[in-house]
Amino acid sequence: MEVHSGTHLKRLQKPSVSIGIFDGVHRGHAALFSKVNQRATEMGGESAIVTFSPHPRIVLGKNSDDLRFLTTLEEKISLIRLNGIDHLFIIPFSKEFAQLPPCRFIKMYLVDRVGLRHLVFGFDHHFGYRRQGSYDNLRSCADLYDFSIEQLAPVVDGKTRISSTIIREALIHGDVRLANRLLSYHYSLEGLVVGGSQVGREIGFPTANVETGDKFKLIPADGVYAVKVTFEETDYIGMMNIGFKPTVNQNGGDKSLEVHIIDFEKDIYNKNIKISFVDRIREERQFSSVEKLRKQLVEDRIIAVKILSHKYF
């Protein structure tokens, strides 16, 4: 996949295109990408995805302090690449750009520069100035500028329509199994291992304290999780605690992300690791003593190993 950043877009051969933010690159997005690839093949052309960076809500200041996203830009690029798309266009988003009417955007950027031949639209998708870029509104634009357009039906899981919003809500409530099923992969985050209090090591459960590099990356609900840890392209199993560690921090403190990697002894301080969430074991809670915490961690580790010995998809 070729990645193009900026406004100097490459002209393609009979391109089939879709536009969106694609946060999470979930199963609904995968169905959209599949259709884009299918139409490109039928036309003897190329497939392309158009997205924007920074996220429009960050630029426009809409509740930016509370914004949390499923994927960083780097993660999004990697996931879209796995879907077999030929080209990814990342267009810079600004307040001035936000004033551009949707049909004018399509004419200036996709028709004139990319050579748009077919546009695949997601179910109930809107984009552009005042969200005027809907499927119904763009049908006249398609007739005017001589490209075809189609809209996909929603992708559902049981009775649930798959969306980035539903997945975010699942993670906020700690339901990583549901989130993973709707994503079709394990939700993950990456971060730098930093020094900690060493309390875990003292009770036989050394942990790596993780600092994420993107303040907008969504962190799942507080609790203990069975996780897969990737370090230097090798996977390990572990359990992660997200929260305030009330048993050892009785006077409060900052929230931390700590992972105990099972049967692992390498020095990974100041190294980057990837944490993939498989299931939630329990809520975080305060114990009456460090010894009772230790006993609970023994039970947690047994559960984590059992969970991680199975595959969910």
# chains A, B, ... in the order shown; residues from 1 in each chain; ligands from 1

$ closest_atom_pairs --of "stretch 82-120 of chain A" --to "stretch 41-62 of chain A" --cutoff "6 Å" --atoms "only C-alpha atoms" --output "tab-separated table"
residue	atom	partner	partner_atom	distance
A:Ile85	CA	A:Ser47	CA	5.6
A:Asp86	CA	A:Ser47	CA	5.2
A:His87	CA	A:Ala48	CA	4.6
A:Leu88	CA	A:Ile49	CA	4.9
A:Phe89	CA	A:Val50	CA	4.8
A:Ile90	CA	A:Thr51	CA	5.1
A:Ile91	CA	A:Phe52	CA	4.8
A:Pro92	CA	A:Ser53	CA	5.2
A:Phe93	CA	A:Ser53	CA	5.5

$ residues_around --residues "A:Val259" --least-positions-apart "4" --cutoff "9 Å" --atoms "only C-alpha atoms" --output "list in words"
Pro206, Thr207, Ala208, Asn209, Val210, Val227, Val229, Gly238, Met239, Met240, Asn241, Ile242 and Ile275 of chain A

$ write_last_selection --atoms "C-alpha atoms" --output "PDB file, in the first residue's frame"
ATOM      1  CA  PRO A 206       7.339  -7.840  39.055  1.00  0.00           C
ATOM      2  CA  THR A 207       5.559  -5.443  36.723  1.00  0.00           C
ATOM      3  CA  ALA A 208       6.474  -3.187  33.836  1.00  0.00           C
ATOM      4  CA  ASN A 209       5.002   0.292  34.187  1.00  0.00           C
ATOM      5  CA  VAL A 210       3.802   1.494  30.804  1.00  0.00           C
ATOM      6  CA  VAL A 227      -3.109  -9.762  27.987  1.00  0.00           C
ATOM      7  CA  VAL A 229       2.613  -8.688  25.437  1.00  0.00           C
ATOM      8  CA  GLY A 238       0.702 -11.670  31.083  1.00  0.00           C
ATOM      9  CA  MET A 239      -1.816  -9.843  33.224  1.00  0.00           C
ATOM     10  CA  MET A 240      -2.273  -6.111  33.422  1.00  0.00           C
ATOM     11  CA  ASN A 241      -3.612  -3.842  36.136  1.00  0.00           C
ATOM     12  CA  ILE A 242      -5.133  -0.507  35.179  1.00  0.00           C
ATOM     13  CA  ILE A 275      -0.198  -4.778  25.113  1.00  0.00           C
TER      14      ILE A 275
END

$ closest_residue --among "A:Ala40, A:Val25, A:Ile203, A:Leu257" --to "A:Leu82" --atoms "only C-alpha atoms"
A:Val25

$ select_by_dssp --residues "stretch 161-211 of chain A" --states "helix (DSSP H, G or I)" --output "ChimeraX atom specification"
/A:164-172,176-183,199-202

$ closest_residue --among "A:Glu190, A:Glu75, A:Asp235, A:Glu283" --to "A:Phe264" --atoms "only C-alpha atoms"
A:Asp235

$ atom_distance --atom1 "atom CA of A:Phe97" --atom2 "atom CA of A:Arg113"
16.4 Å

$ select_by_dssp --residues "stretch 25-145 of chain A" --states "strand (DSSP E or B)" --output "PDB file with C-alpha atoms, in the first residue's frame"
ATOM      1  CA  SER A  47      -8.419   1.025  -4.622  1.00  0.00           C
ATOM      2  CA  ALA A  48      -7.938   4.061  -2.388  1.00  0.00           C
ATOM      3  CA  ILE A  49      -8.954   5.227   1.064  1.00  0.00           C
ATOM      4  CA  VAL A  50      -9.093   8.891   2.072  1.00  0.00           C
ATOM      5  CA  THR A  51      -8.777   9.923   5.717  1.00  0.00           C
ATOM      6  CA  PHE A  52      -7.818  13.039   7.655  1.00  0.00           C
ATOM      7  CA  SER A  53      -5.253  14.028  10.264  1.00  0.00           C
ATOM      8  CA  PHE A  69      -9.767   7.128  20.025  1.00  0.00           C
ATOM      9  CA  HIS A  87      -3.447   3.676  -1.748  1.00  0.00           C
ATOM     10  CA  LEU A  88      -4.087   5.613   1.465  1.00  0.00           C
ATOM     11  CA  PHE A  89      -4.426   9.395   1.261  1.00  0.00           C
ATOM     12  CA  ILE A  90      -3.982  11.302   4.535  1.00  0.00           C
ATOM     13  CA  ILE A  91      -5.220  14.843   4.019  1.00  0.00           C
ATOM     14  CA  PRO A  92      -4.277  17.545   6.573  1.00  0.00           C
ATOM     15  CA  HIS A 118     -16.443   5.102  -8.058  1.00  0.00           C
ATOM     16  CA  LEU A 119     -17.231   6.132  -4.465  1.00  0.00           C
ATOM     17  CA  VAL A 120     -18.179   3.583  -1.808  1.00  0.00           C
ATOM     18  CA  PHE A 121     -20.084   5.128   1.088  1.00  0.00           C
ATOM     19  CA  PHE A 127     -18.625  14.132   6.420  1.00  0.00           C
ATOM     20  CA  GLY A 133     -21.692  14.968   2.920  1.00  0.00           C
TER      21      GLY A 133
END

$ closest_residue --among "A:Lys215, A:Pro220, A:Glu299, A:Val193" --to "A:His173" --atoms "only C-alpha atoms"
A:Pro220

$ atom_distance --atom1 "atom CA of A:Gln13" --atom2 "atom CA of A:Asp143"
20.0 Å

$ closest_residue --among "A:Val36, A:Leu79, A:Ala142, A:Leu218" --to "A:Ile167" --atoms "only C-alpha atoms"
A:Leu218
